[in-house]
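Structure, as structure tokens:
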Amino acid sequence: MVAPDEPAQVRLELGGWYRRGGQRCTVHVTTEEFGAAVRAGLPDELGPWHLTGVDPRAAPDGSRESHAWAEDDVRIEHHGRTRSGHRANMWIWSSTLTRSHPLLTDGATYEKRCSYNGFLLVQSATTTIWRPSAGPTARDVCVVDAVYTTEGDLVTYPHYLSVWRRISRRLRKVADQPGPAIGHPLRDGYRWSAAALAEAEAMLDRSTRPT
């Protein structure tokens with residue numbers, strides 16, 4: 001994979017922009033399987049790779065505030081949790097492809113700027129987040145690979161899209177089972193790894209066990 005001659009400047013003024021489309025890969029794998037597949041899909045020649053995101057926090061007046069953060073590594077298992085809980089959204093970006101992440105003071109608009117600059121969204125559910133339609137082991141990797149500007153110009157992110165494809169192939173290779181049969185409470189149509197299925201069934205058994 002050939003790196004661009006120069007990294008792109010991060011775009012901050014996105015008023016009136018809208019996405020043409022995006023890509024999503026959803027599978028059921030363990031946290032360890034997810035982190036390993038994501039890291040294996042990040043090509044060294046496009047690195048170094050970084051992680052960023054937003055943490056919601058309670059303001060003194062009781063409202064919620066958004067605080068952006070950034071890390072110089074992609075240890076999803078390590079950075080996916082904080083003292084206050086689970087980080088639902090984390091964004092992967094490359095300083096070979098983009099000069100920087102958005103300003104950490106952007107607050108509520110930070111995630112949109114990550115998305116519309118082509119950053120890879122990784123979502124890793126844990127036992128503290130239970131999505132009835134997908135289960136506790138569902139993991140997502142997404143990318144907005146093309147957006148339209150206010151003037152109607154199309155902006156594309158082919159390198160980030162290529163990396164998304166690499167990661168999704170690895171995740172689908174790990175999640176090599178169709179999962180529970182129709183009618184099973186964990187059935188949702190996505191692929192499963194054997195370890196994730198065992199983990200989810202054990203969790204389901206504990207949650208339905210009489211107290």
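Naming works like this for the structure tokens: A, B, ... for the chains as they're shown, residue 1 at the start of each chain, ligands 1 onward in shown order.
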
Item to check | 9 Å contact set for stretch 91-104 of chain A, only C-alpha atoms, chain neighbours under 5 positions out, as an MDAnalysis selection string | outcome: chainID A and resid 3:12 45:54 67:70 74 110:111 113:115 117:123 159:160

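DSSP secondary structure from the backbone places Ile76, Glu77, His78, His79, Tyr110, Glu111, Lys112, Arg113, Cys114, Ser115, Tyr116, Pro158, His159, Tyr160, Leu161, Ser162, Val163, Trp164, Arg165, Arg166, Ile167, Ser168, Arg169, Arg170, Leu171, Arg172, Lys173 and Val174 of chain A of stretch 43-174 of chain A in alpha helix (DSSP H).
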
Item to check | All strand (DSSP E) residues (DSSP, backbone) inside chain A, as number ranges by chain | outcome: A: 18-28, 49-58, 64-71, 81-82, 85-86, 90-94, 120-124, 138-148, 154-156, 191-192

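Here the question is which of A:Asp205, A:Ala37, A:Ser66, A:Asp153 gets nearest to A:Thr109 using only C-alpha atoms, and that residue is A:Ser66.
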
Checklist outcome for this item: Using only C-alpha atoms, the best pick from A:Asp106, A:Glu13, A:Cys25, A:Met1 as closest to A:Arg191 would be A:Cys25
